[in-house]
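For reference, the structure discussed in these notes is given below.
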Amino acid sequence: MSTYIIRRLLISLPVLLGITIVIFALINLIPGDPATFFISPELMGNDEQVAIVRERLGLNQPLPVRYVKWLSQTVQGDLGFRMKNGDRVASVVWARLKGTVLLVGIALAFGATIGIILGIFTALKQYSAWDYLLTGVSFVGISMPAFVTGIFGLYFLSLKIPLFPAGGMSTVGKPPSPQDTLYHAILPSLLLSFGYLASFMRYTRFSMLEVLHQEYVTTARAKGLTERSVIAVHALRNALLPVVTVIGLSLPNLVVGAVFIETIFSWPGMGTLYLDAVGSRDYPLIMGMNLVTSIVILLTNLATDVAYAFVDPRIRYR
Amino acid sequence: MRISTAGRAAPNGPAPVVLAADKPVSGESPARRAMNRFRRHRLAMISLTILTIIVILSVGAPLWQGYPPNTMNLAMSSKPPSATHVLGTDRIGRDVWSRLINGGRVSLMIGLSATLISLTFGIVLGAVSGYFGGWVDIILQRFTDIVMTFPSIVLMLTLAVFVGPGLLNTTLIIGGVSWPGLARLVRAEYLSARERTYVEAARCVGVRSLRIMFTHILPNALAPVLAAAAFGIGSAILTEAGLSFLGLGVPLPTSSWGNMLETAREIQVLSGAPWMWMPPALMIVLTVLCVNFIGDGLRDAFDPRTLL
């Protein structure tokens, strides 16, 4: 197993290198001169000033040279500074990452757990009233974008019936505490989890139904096993295999999966930071965030493959 | 908010997969059979009816808008629904009903044209990749991988900010980012089709590759692709609404369901004037729900394995 993980990690390295090239190229091919960011509008026409700034920022050097410089800094964990206020990109991203991981983490855990349970339940009760009702609700769930769920949730559960705070991460005037943060996270997380719940339920139901029609399940029943052990021991394990992949595919959302909910609830997370970064064309921040995002995606893909090889003994890993 | 454009493997089918082996062989054509199957999908038929009404209301907006959508009337600002303004007015006194149906035009048009773009990309890239195989396939698949690796929302936000808001830009961005799923699907269809005898026969009599790809194989591979494209329309409408909601999509004064919903980001409007944002929110959900049900019906209709 460990050789498999190491091998996969080594394969990921060239992909990561490719991604850094794409990120760097994309930012530099986009029209607009970063140097103008540092020059007051009155001096815009002044080519001399622009040239001085370009010289100081190293923008005069050829692209490959700048790429290598950027890469060597990045490898050392230095993502540079925000253009907006000079904060270190790495520390800003790290602070915001925690906010989003908390929000999406709760949403994913809740959505996946309840979704899988409901999916199994509806598959076992296929064509019952419960099945139709829950399948219908899940269809609404996948058709309802987070910004609509978020807006309605904020309106009904915070403004009309003041159960939850309307936004932010902590109560104004109170010292920040884990309980307070959690209290602020509940409503946005639950609203976010609705979409996850719906899609996990659909995947589990489908996968469960498919397994229940397999011959080995019939065989298990023919052997005289109780229905309980047929389902819990024989069917469930195989039915949940594809769901593992779906969980793995949702993990990248931990980084940028909550742009809308974060915007609606003014939650300081990666989504709102990214909007801020692209909106103010803060190039180092955009590049840093893209890099962090792609590393997380690569790692979660790897974790998914490893988890899959672990839970499914039929998969051979070398 | 990514809605999968997955094909028949996605768990959207209401019925389990049951082999129709013991069904008597009918003499009807595949297209006719698919149509009959679709008609029997009750939810899809209801959705088709509702969607038709929404489309007629939107396309014919000038006929029943009552007020022009962009004319301000500050004397009538922020008025709740009344006899003169069915759905009330917005903050600068524009009629919400008129903006809603005119916005529907924009949202539906972007949804449709963005899907056409991604369908074109998806079919061409998927067909070339699947039919030729070899290094062409490898290069195209790695390219698809890269586009797919990045969460589409990140890609779209970045592009939207740098090319600027606008009807055409929004359409191009959505279409240009959402093709990988379709390309995968088309590629899989072509991989299996190119081994079939009718393709071999066509090759034997000297038909050119391009002709085989698009006049011989494409009609046979189209059914699951069209079902996936239906889901794609739903997803494109959602994406437009999302971008406009963030102020990066359709620019004012043109209305779209997304930028009407954007007004709800102001807490006064959200809490005090629900008539301004609830109608577009409900229209988005209703439309996408209908489109998804139709996609579901199409997939069941085209999939010979499902028994209705």
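FYI, nothing fancy with the structure tokens labels: chains A, B, ... in order, residues from 1 per chain, ligands from 1 as they appear.
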
Give me the chain A side of the contact with chain B, cut-off 6 Å, one line per residue showing its nearest atom pair and distance in Å at one decimal, counting only C-alpha atoms, sorted by chain and residue number, as CSV.
```
residue,atom,partner,partner_atom,distance
A:Ser143,CA,B:Leu289,CA,5.3
A:Met144,CA,B:Val285,CA,5.6
A:Pro145,CA,B:Met1,CA,5.7
A:Arg202,CA,B:Pro11,CA,5.7
A:Tyr203,CA,B:Pro11,CA,5.3
A:Phe206,CA,B:Pro11,CA,4.9
```

Atom-to-atom span, atom CA of B:Gln268 and atom CA of B:Val96, Å: 16.9 Å

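Remark: for A:Ile27, the closest of the candidate residues A:Val89, A:Asp180, A:Leu63, A:His213 is A:Leu63 (distances computed over only C-alpha atoms).
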